[in-house]
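The data block below is model.cif; it holds mmCIF, N, CA and C atoms.
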data_coords
loop_
_atom_site.label_atom_id
_atom_site.label_comp_id
_atom_site.auth_asym_id
_atom_site.auth_seq_id
_atom_site.Cartn_x
_atom_site.Cartn_y
_atom_site.Cartn_z
N MET A 572 0.81 -1.20 0.00
CA MET A 572 0.00 0.00 0.00
C MET A 572 0.85 1.26 0.00
N SER A 573 2.04 1.24 0.60
CA SER A 573 2.82 2.46 0.73
C SER A 573 3.17 3.07 -0.62
N GLU A 574 3.41 2.25 -1.64
CA GLU A 574 3.73 2.82 -2.95
C GLU A 574 2.51 3.52 -3.56
N ARG A 575 1.32 3.13 -3.17
CA ARG A 575 0.11 3.78 -3.67
C ARG A 575 -0.19 5.08 -2.92
N LEU A 576 0.41 5.26 -1.75
CA LEU A 576 0.19 6.50 -1.01
C LEU A 576 0.85 7.68 -1.68
N VAL A 577 1.97 7.44 -2.34
CA VAL A 577 2.71 8.52 -2.97
C VAL A 577 2.22 8.67 -4.41
N LEU A 578 1.67 9.83 -4.70
CA LEU A 578 1.17 10.09 -6.03
C LEU A 578 2.34 10.21 -7.00
N GLY A 579 2.24 9.54 -8.11
CA GLY A 579 3.28 9.59 -9.12
C GLY A 579 2.76 9.03 -10.42
N TYR A 580 3.64 8.90 -11.39
CA TYR A 580 3.25 8.30 -12.66
C TYR A 580 2.85 6.86 -12.41
N ASP A 581 1.68 6.47 -12.88
CA ASP A 581 1.16 5.13 -12.68
C ASP A 581 0.56 4.64 -14.00
N ALA A 582 1.31 3.81 -14.71
CA ALA A 582 0.87 3.34 -16.02
C ALA A 582 -0.46 2.60 -15.95
N GLY A 583 -0.80 2.05 -14.79
CA GLY A 583 -2.04 1.30 -14.64
C GLY A 583 -3.22 2.14 -14.20
N ASP A 584 -3.02 3.42 -13.95
CA ASP A 584 -4.11 4.26 -13.45
C ASP A 584 -4.00 5.65 -14.08
N VAL A 585 -4.81 5.87 -15.08
CA VAL A 585 -4.76 7.13 -15.82
C VAL A 585 -5.10 8.33 -14.94
N HIS A 586 -5.96 8.15 -13.96
CA HIS A 586 -6.36 9.27 -13.10
C HIS A 586 -5.23 9.69 -12.16
N ARG A 587 -4.52 8.72 -11.59
CA ARG A 587 -3.37 9.04 -10.73
C ARG A 587 -2.28 9.73 -11.56
N THR A 588 -2.05 9.24 -12.77
CA THR A 588 -1.04 9.83 -13.63
C THR A 588 -1.44 11.25 -14.01
N ARG A 589 -2.70 11.45 -14.34
CA ARG A 589 -3.17 12.79 -14.70
C ARG A 589 -3.07 13.76 -13.53
N ALA A 590 -3.43 13.32 -12.34
CA ALA A 590 -3.31 14.18 -11.15
C ALA A 590 -1.85 14.54 -10.90
N PHE A 591 -0.97 13.55 -11.05
CA PHE A 591 0.46 13.78 -10.84
C PHE A 591 1.01 14.78 -11.86
N THR A 592 0.72 14.57 -13.14
CA THR A 592 1.26 15.47 -14.15
C THR A 592 0.67 16.87 -14.02
N ASN A 593 -0.57 16.97 -13.55
CA ASN A 593 -1.18 18.28 -13.30
C ASN A 593 -0.42 19.02 -12.20
N LEU A 594 -0.08 18.31 -11.13
CA LEU A 594 0.67 18.94 -10.03
C LEU A 594 2.09 19.29 -10.47
N VAL A 595 2.73 18.45 -11.27
CA VAL A 595 4.07 18.76 -11.76
C VAL A 595 4.03 20.02 -12.63
N ALA A 596 3.03 20.13 -13.49
CA ALA A 596 2.90 21.32 -14.34
C ALA A 596 2.71 22.57 -13.50
N ARG A 597 1.91 22.47 -12.45
CA ARG A 597 1.69 23.61 -11.56
C ARG A 597 2.99 24.02 -10.85
N ALA A 598 3.76 23.02 -10.41
CA ALA A 598 5.04 23.31 -9.76
C ALA A 598 6.01 23.96 -10.74
N ALA A 599 6.07 23.45 -11.95
CA ALA A 599 6.98 24.01 -12.97
C ALA A 599 6.61 25.45 -13.28
N GLU A 600 5.32 25.72 -13.37
CA GLU A 600 4.88 27.09 -13.65
C GLU A 600 5.27 28.04 -12.51
N ALA A 601 5.03 27.62 -11.27
CA ALA A 601 5.39 28.46 -10.12
C ALA A 601 6.89 28.67 -10.05
N TYR A 602 7.66 27.64 -10.34
CA TYR A 602 9.12 27.73 -10.33
C TYR A 602 9.59 28.71 -11.40
N GLY A 603 9.09 28.56 -12.61
CA GLY A 603 9.48 29.44 -13.70
C GLY A 603 9.13 30.89 -13.44
N LEU A 604 7.92 31.15 -12.95
CA LEU A 604 7.51 32.52 -12.64
C LEU A 604 8.40 33.14 -11.58
N SER A 605 8.70 32.38 -10.55
CA SER A 605 9.55 32.89 -9.47
C SER A 605 10.97 33.18 -9.96
N LEU A 606 11.52 32.33 -10.79
CA LEU A 606 12.86 32.56 -11.34
C LEU A 606 12.89 33.81 -12.22
N ARG A 607 11.86 34.01 -13.01
CA ARG A 607 11.83 35.20 -13.89
C ARG A 607 11.77 36.48 -13.08
N ARG A 608 11.13 36.45 -11.94
CA ARG A 608 11.00 37.63 -11.09
C ARG A 608 12.25 37.88 -10.24
N ALA A 609 13.17 36.95 -10.20
CA ALA A 609 14.29 36.99 -9.27
C ALA A 609 15.35 38.04 -9.59
N ASP A 610 15.58 38.34 -10.87
CA ASP A 610 16.56 39.36 -11.27
C ASP A 610 17.92 39.20 -10.62
N ASP A 611 18.65 38.19 -10.99
CA ASP A 611 20.04 37.97 -10.54
C ASP A 611 20.21 37.79 -9.03
N ASP A 612 19.16 37.47 -8.34
CA ASP A 612 19.25 37.20 -6.91
C ASP A 612 19.94 35.86 -6.71
N PRO A 613 21.03 35.80 -5.90
CA PRO A 613 21.73 34.53 -5.71
C PRO A 613 20.88 33.46 -5.02
N ASP A 614 19.87 33.85 -4.32
CA ASP A 614 19.00 32.90 -3.64
C ASP A 614 17.74 32.61 -4.46
N ALA A 615 17.76 32.96 -5.74
CA ALA A 615 16.58 32.84 -6.58
C ALA A 615 16.10 31.40 -6.72
N ALA A 616 17.02 30.47 -6.87
CA ALA A 616 16.63 29.07 -7.04
C ALA A 616 15.91 28.54 -5.82
N VAL A 617 16.40 28.89 -4.64
CA VAL A 617 15.77 28.44 -3.40
C VAL A 617 14.38 29.06 -3.27
N GLU A 618 14.28 30.34 -3.55
CA GLU A 618 12.98 30.99 -3.46
C GLU A 618 12.01 30.42 -4.48
N ALA A 619 12.50 30.17 -5.69
CA ALA A 619 11.64 29.61 -6.73
C ALA A 619 11.16 28.21 -6.35
N MET A 620 12.05 27.40 -5.80
CA MET A 620 11.66 26.05 -5.39
C MET A 620 10.67 26.10 -4.23
N THR A 621 10.84 27.05 -3.34
CA THR A 621 9.90 27.24 -2.23
C THR A 621 8.50 27.51 -2.78
N HIS A 622 8.42 28.39 -3.78
CA HIS A 622 7.12 28.69 -4.39
C HIS A 622 6.56 27.47 -5.12
N ALA A 623 7.43 26.74 -5.81
CA ALA A 623 6.98 25.56 -6.57
C ALA A 623 6.42 24.50 -5.64
N LEU A 624 7.14 24.20 -4.58
CA LEU A 624 6.66 23.18 -3.65
C LEU A 624 5.41 23.65 -2.91
N GLY A 625 5.38 24.91 -2.57
CA GLY A 625 4.19 25.46 -1.92
C GLY A 625 2.95 25.37 -2.79
N ALA A 626 3.15 25.46 -4.11
CA ALA A 626 2.03 25.41 -5.04
C ALA A 626 1.42 24.02 -5.14
N VAL A 627 2.16 22.98 -4.78
CA VAL A 627 1.65 21.62 -4.98
C VAL A 627 1.56 20.77 -3.72
N ALA A 628 2.09 21.23 -2.63
CA ALA A 628 2.12 20.41 -1.42
C ALA A 628 0.73 19.98 -0.98
N ARG A 629 -0.22 20.87 -1.02
CA ARG A 629 -1.58 20.54 -0.59
C ARG A 629 -2.22 19.50 -1.51
N GLY A 630 -1.94 19.59 -2.81
CA GLY A 630 -2.47 18.62 -3.76
C GLY A 630 -1.93 17.22 -3.51
N PHE A 631 -0.63 17.12 -3.20
CA PHE A 631 -0.05 15.82 -2.90
C PHE A 631 -0.61 15.26 -1.59
N ALA A 632 -0.81 16.14 -0.61
CA ALA A 632 -1.40 15.68 0.66
C ALA A 632 -2.83 15.19 0.43
N ALA A 633 -3.58 15.90 -0.39
CA ALA A 633 -4.96 15.49 -0.70
C ALA A 633 -4.97 14.13 -1.39
N ALA A 634 -4.04 13.92 -2.31
CA ALA A 634 -3.99 12.64 -3.02
C ALA A 634 -3.68 11.49 -2.06
N THR A 635 -2.82 11.73 -1.10
CA THR A 635 -2.50 10.69 -0.11
C THR A 635 -3.71 10.38 0.75
N LEU A 636 -4.40 11.41 1.21
CA LEU A 636 -5.61 11.18 2.01
C LEU A 636 -6.69 10.48 1.19
N GLU A 637 -6.78 10.82 -0.08
CA GLU A 637 -7.74 10.17 -0.97
C GLU A 637 -7.48 8.67 -1.02
N THR A 638 -6.23 8.29 -1.14
CA THR A 638 -5.85 6.87 -1.17
C THR A 638 -6.21 6.19 0.14
N LEU A 639 -5.91 6.83 1.25
CA LEU A 639 -6.24 6.25 2.55
C LEU A 639 -7.76 6.14 2.76
N ALA A 640 -8.48 7.15 2.36
CA ALA A 640 -9.93 7.17 2.57
C ALA A 640 -10.63 6.04 1.83
N ARG A 641 -10.06 5.59 0.72
CA ARG A 641 -10.71 4.56 -0.10
C ARG A 641 -10.14 3.17 0.14
N HIS A 642 -9.20 3.04 1.07
CA HIS A 642 -8.56 1.74 1.29
C HIS A 642 -9.47 0.84 2.12
N GLU A 643 -9.83 -0.29 1.53
CA GLU A 643 -10.81 -1.19 2.17
C GLU A 643 -10.31 -1.84 3.45
N VAL A 644 -9.02 -2.02 3.60
CA VAL A 644 -8.48 -2.66 4.81
C VAL A 644 -8.72 -1.79 6.04
N LEU A 645 -8.73 -0.49 5.85
CA LEU A 645 -8.94 0.41 6.99
C LEU A 645 -10.38 0.37 7.51
N ALA A 646 -11.31 -0.01 6.65
CA ALA A 646 -12.73 -0.13 7.02
C ALA A 646 -13.20 1.09 7.81
N LEU A 647 -13.04 2.26 7.22
CA LEU A 647 -13.45 3.50 7.88
C LEU A 647 -14.97 3.57 8.00
N SER A 648 -15.41 4.19 9.07
CA SER A 648 -16.84 4.43 9.23
C SER A 648 -17.25 5.54 8.26
N ILE A 649 -18.54 5.69 8.06
CA ILE A 649 -19.06 6.75 7.19
C ILE A 649 -18.60 8.12 7.70
N GLU A 650 -18.64 8.31 9.01
CA GLU A 650 -18.23 9.58 9.59
C GLU A 650 -16.75 9.85 9.32
N GLN A 651 -15.93 8.83 9.45
CA GLN A 651 -14.50 8.99 9.18
C GLN A 651 -14.25 9.31 7.70
N GLU A 652 -14.97 8.62 6.81
CA GLU A 652 -14.82 8.90 5.38
C GLU A 652 -15.25 10.33 5.05
N LEU A 653 -16.35 10.77 5.64
CA LEU A 653 -16.82 12.14 5.40
C LEU A 653 -15.83 13.17 5.91
N TYR A 654 -15.25 12.90 7.06
CA TYR A 654 -14.24 13.81 7.61
C TYR A 654 -13.04 13.90 6.68
N LEU A 655 -12.55 12.75 6.22
CA LEU A 655 -11.42 12.74 5.29
C LEU A 655 -11.80 13.44 3.99
N ASP A 656 -13.02 13.24 3.51
CA ASP A 656 -13.45 13.91 2.29
C ASP A 656 -13.40 15.43 2.45
N GLU A 657 -13.81 15.93 3.60
CA GLU A 657 -13.75 17.37 3.86
C GLU A 657 -12.30 17.86 3.82
N LEU A 658 -11.41 17.11 4.46
CA LEU A 658 -9.99 17.48 4.44
C LEU A 658 -9.43 17.45 3.02
N ILE A 659 -9.79 16.44 2.27
CA ILE A 659 -9.31 16.29 0.90
C ILE A 659 -9.73 17.48 0.05
N VAL A 660 -10.99 17.86 0.14
CA VAL A 660 -11.49 18.99 -0.64
C VAL A 660 -10.80 20.27 -0.20
N GLU A 661 -10.62 20.45 1.09
CA GLU A 661 -9.95 21.64 1.61
C GLU A 661 -8.50 21.72 1.13
N LEU A 662 -7.83 20.58 1.09
CA LEU A 662 -6.43 20.56 0.69
C LEU A 662 -6.23 20.65 -0.83
N GLY A 663 -7.03 19.95 -1.57
CA GLY A 663 -6.78 19.91 -3.00
C GLY A 663 -7.96 19.43 -3.79
N LEU A 664 -8.92 20.29 -3.98
CA LEU A 664 -10.13 19.92 -4.71
C LEU A 664 -9.80 19.44 -6.12
N GLU A 665 -8.89 20.12 -6.80
CA GLU A 665 -8.57 19.73 -8.18
C GLU A 665 -7.99 18.34 -8.26
N ALA A 666 -7.03 18.01 -7.39
CA ALA A 666 -6.43 16.68 -7.39
C ALA A 666 -7.48 15.62 -7.06
N SER A 667 -8.34 15.91 -6.10
CA SER A 667 -9.40 14.99 -5.73
C SER A 667 -10.36 14.75 -6.89
N ALA A 668 -10.74 15.80 -7.59
CA ALA A 668 -11.65 15.67 -8.72
C ALA A 668 -11.05 14.79 -9.81
N ILE A 669 -9.78 14.96 -10.07
CA ILE A 669 -9.13 14.15 -11.10
C ILE A 669 -9.08 12.69 -10.67
N LEU A 670 -8.72 12.44 -9.41
CA LEU A 670 -8.63 11.08 -8.92
C LEU A 670 -9.99 10.38 -8.90
N ASN A 671 -11.04 11.13 -8.73
CA ASN A 671 -12.39 10.55 -8.68
C ASN A 671 -13.14 10.61 -10.00
N ALA A 672 -12.45 10.91 -11.07
CA ALA A 672 -13.11 11.05 -12.37
C ALA A 672 -13.55 9.72 -12.95
N ALA A 673 -13.12 8.63 -12.35
CA ALA A 673 -13.47 7.29 -12.88
C ALA A 673 -14.94 7.02 -12.72
#

Can the structure in the file be given as structure tokens, please?
Amino acid sequence: MSERLVLGYDAGDVHRTRAFTNLVARAAEAYGLSLRRADDDPDAAVEAMTHALGAVARGFAAATLETLARHEVLALSIEQELYLDELIVELGLEASAILNAA
């Protein structure tokens, strides 16, 4: 199960792959924008990476919670699933929507 917790390219699951590539594109965009605004700042790469990771951290957290919420071995109660669903939407509605597009 641990390999399924980490969102990444998954040849067997088009929705997980799409959510992952969407988050990567968002990170790349934030990184590029931050670097362009840096103007020869020696700390520009660190600042740009900070913005890039900040742009996607919530989406990756949402994807992990999504995986846990749907795992049958955990046998979550309806209340627990609803609570996790609220957290997932709060953290990353877009990632959740892509993962649930099936």

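Nearest to Leu604 (chain A) of all the residues A:Glu665, A:Ala626, A:His586, A:Phe591 is A:Ala626, based on only C-alpha atoms.
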
Handout entry: In chain A, DSSP helix (DSSP H, G or I) residues written as a PyMOL selection string
Key = chain A and resi 573-576+585-609+615-640+643-645+649-670

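In this structure, atom C of Gly603 (chain A) sits 23.4 Å away from atom C of Ala666 (chain A).
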
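CA of Val627 (chain A) to atom N of Glu650 (chain A) spans 28.0 Å [interatomic distance, one decimal].
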
Selection dump of the PyMOL selection byres ((chain A and resi 619) around 7), as a CSV table (one decimal) with N, CA and C atoms, keeping the file's coordinate frame:
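The result, stored in part_2.csv:
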chain,number,residue,atom,x,y,z
A,601,ALA,N,5.0,27.6,-11.3
A,601,ALA,CA,5.4,28.5,-10.1
A,601,ALA,C,6.9,28.7,-10.0
A,602,TYR,N,7.7,27.6,-10.3
A,602,TYR,CA,9.1,27.7,-10.3
A,602,TYR,C,9.6,28.7,-11.4
A,603,GLY,N,9.1,28.6,-12.6
A,603,GLY,CA,9.5,29.4,-13.7
A,603,GLY,C,9.1,30.9,-13.4
A,604,LEU,N,7.9,31.2,-13.0
A,604,LEU,CA,7.5,32.5,-12.6
A,604,LEU,C,8.4,33.1,-11.6
A,605,SER,N,8.7,32.4,-10.6
A,605,SER,CA,9.6,32.9,-9.5
A,605,SER,C,11.0,33.2,-10.0
A,606,LEU,N,11.5,32.3,-10.8
A,606,LEU,CA,12.9,32.6,-11.3
A,606,LEU,C,12.9,33.8,-12.2
A,614,ASP,N,19.9,33.8,-4.3
A,614,ASP,CA,19.0,32.9,-3.6
A,614,ASP,C,17.7,32.6,-4.5
A,615,ALA,N,17.8,33.0,-5.7
A,615,ALA,CA,16.6,32.8,-6.6
A,615,ALA,C,16.1,31.4,-6.7
A,616,ALA,N,17.0,30.5,-6.9
A,616,ALA,CA,16.6,29.1,-7.0
A,616,ALA,C,15.9,28.5,-5.8
A,617,VAL,N,16.4,28.9,-4.6
A,617,VAL,CA,15.8,28.4,-3.4
A,617,VAL,C,14.4,29.1,-3.3
A,618,GLU,N,14.3,30.3,-3.6
A,618,GLU,CA,13.0,31.0,-3.5
A,618,GLU,C,12.0,30.4,-4.5
A,620,MET,N,12.0,27.4,-5.8
A,620,MET,CA,11.7,26.0,-5.4
A,620,MET,C,10.7,26.1,-4.2
A,621,THR,N,10.8,27.0,-3.3
A,621,THR,CA,9.9,27.2,-2.2
A,621,THR,C,8.5,27.5,-2.8
A,622,HIS,N,8.4,28.4,-3.8
A,622,HIS,CA,7.1,28.7,-4.4
A,622,HIS,C,6.6,27.5,-5.1
A,623,ALA,N,7.4,26.7,-5.8
A,623,ALA,CA,7.0,25.6,-6.6
A,623,ALA,C,6.4,24.5,-5.6
A,624,LEU,N,7.1,24.2,-4.6
A,624,LEU,CA,6.7,23.2,-3.6
A,624,LEU,C,5.4,23.6,-2.9

Practice task
Could you expand the PyMOL selection byres (((chain A and resi 669 and name CA) around 8) and name CA) into the explicit residues it covers here, written as a ChimeraX atom specification?
Solution key: /A:586-587,589-590,665-668,670-672

For region 598-609 of chain A, I'd like the enclosing box, axis-aligned and padded by 3 Å on every side, reported as JSON with centre and edge lengths in Å to one decimal.
{"center_x": 9.6, "center_y": 30.5, "center_z": -11.6, "size_x": 17.6, "size_y": 21.0, "size_z": 10.6}

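Once only N, CA and C atoms are considered, the residues situated within 8 Å of the file point (3.0, 20.9, -6.1) turn out to be Asn593, Leu594, Val595, Ala596, Arg597, Ala598, Ala599, His622, Ala623, Leu624, Gly625, Ala626, Val627, Ala628, Arg629, Gly630 and Phe631 of chain A.
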
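Residue nearest Leu658 (chain A) within the list A:Glu600, A:Glu637, A:Asp584, A:Asp612: A:Glu637 [criterion: smallest interatomic distance, only C-alpha atoms].
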
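Between CA of Val660 (chain A) and CA of Leu639 (chain A) there is a distance of 14.1 Å.
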
Exercise for the section: Considering only N, CA and C atoms, return as JSON, numbers by chain whatever protein or nucleic-acid residues lie within 8 Å of Ala640 (chain A), sequence-local ones (same chain, fewer than 6 positions apart) excluded. Expected result: {"A": [634, 646, 647, 651, 652, 653, 655, 656]}

Problem - Nearest-residue call for Arg575 (chain A), choices A:Pro613, A:Thr635, A:Arg608, A:Glu643, using only C-alpha atoms - result: A:Thr635

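Compared by their closest atoms to Ala633 (chain A), and using only C-alpha atoms, the residues A:Ile659, A:Leu576, A:Ile649, A:Ala609 rank with A:Ile659 nearest.
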
Final N, CA, C and O atoms of region 600-622 of chain A as a JSON list (two decimals), in the frame of the given file:
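Output saved as out_24.json:
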[["chain", "number", "residue", "atom", "x", "y", "z"],
["A", 600, "GLU", "N", 5.32, 25.72, -13.37],
["A", 600, "GLU", "CA", 4.88, 27.09, -13.65],
["A", 600, "GLU", "C", 5.27, 28.04, -12.51],
["A", 600, "GLU", "O", 5.79, 29.12, -12.75],
["A", 601, "ALA", "N", 5.03, 27.62, -11.27],
["A", 601, "ALA", "CA", 5.39, 28.46, -10.12],
["A", 601, "ALA", "C", 6.89, 28.67, -10.05],
["A", 601, "ALA", "O", 7.36, 29.78, -9.77],
["A", 602, "TYR", "N", 7.66, 27.64, -10.34],
["A", 602, "TYR", "CA", 9.12, 27.73, -10.33],
["A", 602, "TYR", "C", 9.59, 28.71, -11.40],
["A", 602, "TYR", "O", 10.40, 29.61, -11.13],
["A", 603, "GLY", "N", 9.09, 28.56, -12.61],
["A", 603, "GLY", "CA", 9.48, 29.44, -13.70],
["A", 603, "GLY", "C", 9.13, 30.89, -13.44],
["A", 603, "GLY", "O", 9.94, 31.80, -13.68],
["A", 604, "LEU", "N", 7.92, 31.15, -12.95],
["A", 604, "LEU", "CA", 7.51, 32.52, -12.64],
["A", 604, "LEU", "C", 8.40, 33.14, -11.58],
["A", 604, "LEU", "O", 8.81, 34.29, -11.69],
["A", 605, "SER", "N", 8.70, 32.38, -10.55],
["A", 605, "SER", "CA", 9.55, 32.89, -9.47],
["A", 605, "SER", "C", 10.97, 33.18, -9.96],
["A", 605, "SER", "O", 11.56, 34.18, -9.58],
["A", 606, "LEU", "N", 11.52, 32.33, -10.79],
["A", 606, "LEU", "CA", 12.86, 32.56, -11.34],
["A", 606, "LEU", "C", 12.89, 33.81, -12.22],
["A", 606, "LEU", "O", 13.85, 34.58, -12.16],
["A", 607, "ARG", "N", 11.86, 34.01, -13.01],
["A", 607, "ARG", "CA", 11.83, 35.20, -13.89],
["A", 607, "ARG", "C", 11.77, 36.48, -13.08],
["A", 607, "ARG", "O", 12.30, 37.50, -13.49],
["A", 608, "ARG", "N", 11.13, 36.45, -11.94],
["A", 608, "ARG", "CA", 11.00, 37.63, -11.09],
["A", 608, "ARG", "C", 12.25, 37.88, -10.24],
["A", 608, "ARG", "O", 12.36, 38.92, -9.61],
["A", 609, "ALA", "N", 13.17, 36.95, -10.20],
["A", 609, "ALA", "CA", 14.29, 36.99, -9.27],
["A", 609, "ALA", "C", 15.35, 38.04, -9.59],
["A", 609, "ALA", "O", 16.01, 38.55, -8.70],
["A", 610, "ASP", "N", 15.58, 38.34, -10.87],
["A", 610, "ASP", "CA", 16.56, 39.36, -11.27],
["A", 610, "ASP", "C", 17.92, 39.20, -10.62],
["A", 610, "ASP", "O", 18.33, 40.00, -9.77],
["A", 611, "ASP", "N", 18.65, 38.19, -10.99],
["A", 611, "ASP", "CA", 20.04, 37.97, -10.54],
["A", 611, "ASP", "C", 20.21, 37.79, -9.03],
["A", 611, "ASP", "O", 21.29, 37.99, -8.51],
["A", 612, "ASP", "N", 19.16, 37.47, -8.34],
["A", 612, "ASP", "CA", 19.25, 37.20, -6.91],
["A", 612, "ASP", "C", 19.94, 35.86, -6.71],
["A", 612, "ASP", "O", 19.50, 34.85, -7.26],
["A", 613, "PRO", "N", 21.03, 35.80, -5.90],
["A", 613, "PRO", "CA", 21.73, 34.53, -5.71],
["A", 613, "PRO", "C", 20.88, 33.46, -5.02],
["A", 613, "PRO", "O", 21.14, 32.27, -5.16],
["A", 614, "ASP", "N", 19.87, 33.85, -4.32],
["A", 614, "ASP", "CA", 19.00, 32.90, -3.64],
["A", 614, "ASP", "C", 17.74, 32.61, -4.46],
["A", 614, "ASP", "O", 16.77, 32.03, -3.95],
["A", 615, "ALA", "N", 17.76, 32.96, -5.74],
["A", 615, "ALA", "CA", 16.58, 32.84, -6.58],
["A", 615, "ALA", "C", 16.10, 31.40, -6.72],
["A", 615, "ALA", "O", 14.91, 31.13, -6.68],
["A", 616, "ALA", "N", 17.02, 30.47, -6.87],
["A", 616, "ALA", "CA", 16.63, 29.07, -7.04],
["A", 616, "ALA", "C", 15.91, 28.54, -5.82],
["A", 616, "ALA", "O", 14.90, 27.83, -5.93],
["A", 617, "VAL", "N", 16.40, 28.89, -4.64],
["A", 617, "VAL", "CA", 15.77, 28.44, -3.40],
["A", 617, "VAL", "C", 14.38, 29.06, -3.27],
["A", 617, "VAL", "O", 13.41, 28.36, -2.94],
["A", 618, "GLU", "N", 14.28, 30.34, -3.55],
["A", 618, "GLU", "CA", 12.98, 30.99, -3.46],
["A", 618, "GLU", "C", 12.01, 30.42, -4.48],
["A", 618, "GLU", "O", 10.84, 30.16, -4.18],
["A", 619, "ALA", "N", 12.50, 30.17, -5.69],
["A", 619, "ALA", "CA", 11.64, 29.61, -6.73],
["A", 619, "ALA", "C", 11.16, 28.21, -6.35],
["A", 619, "ALA", "O", 10.00, 27.86, -6.55],
["A", 620, "MET", "N", 12.05, 27.40, -5.80],
["A", 620, "MET", "CA", 11.66, 26.05, -5.39],
["A", 620, "MET", "C", 10.67, 26.10, -4.23],
["A", 620, "MET", "O", 9.74, 25.30, -4.17],
["A", 621, "THR", "N", 10.84, 27.05, -3.34],
["A", 621, "THR", "CA", 9.90, 27.24, -2.23],
["A", 621, "THR", "C", 8.50, 27.51, -2.78],
["A", 621, "THR", "O", 7.52, 26.93, -2.31],
["A", 622, "HIS", "N", 8.42, 28.39, -3.78],
["A", 622, "HIS", "CA", 7.12, 28.69, -4.39],
["A", 622, "HIS", "C", 6.56, 27.47, -5.12],
["A", 622, "HIS", "O", 5.36, 27.20, -5.06]]
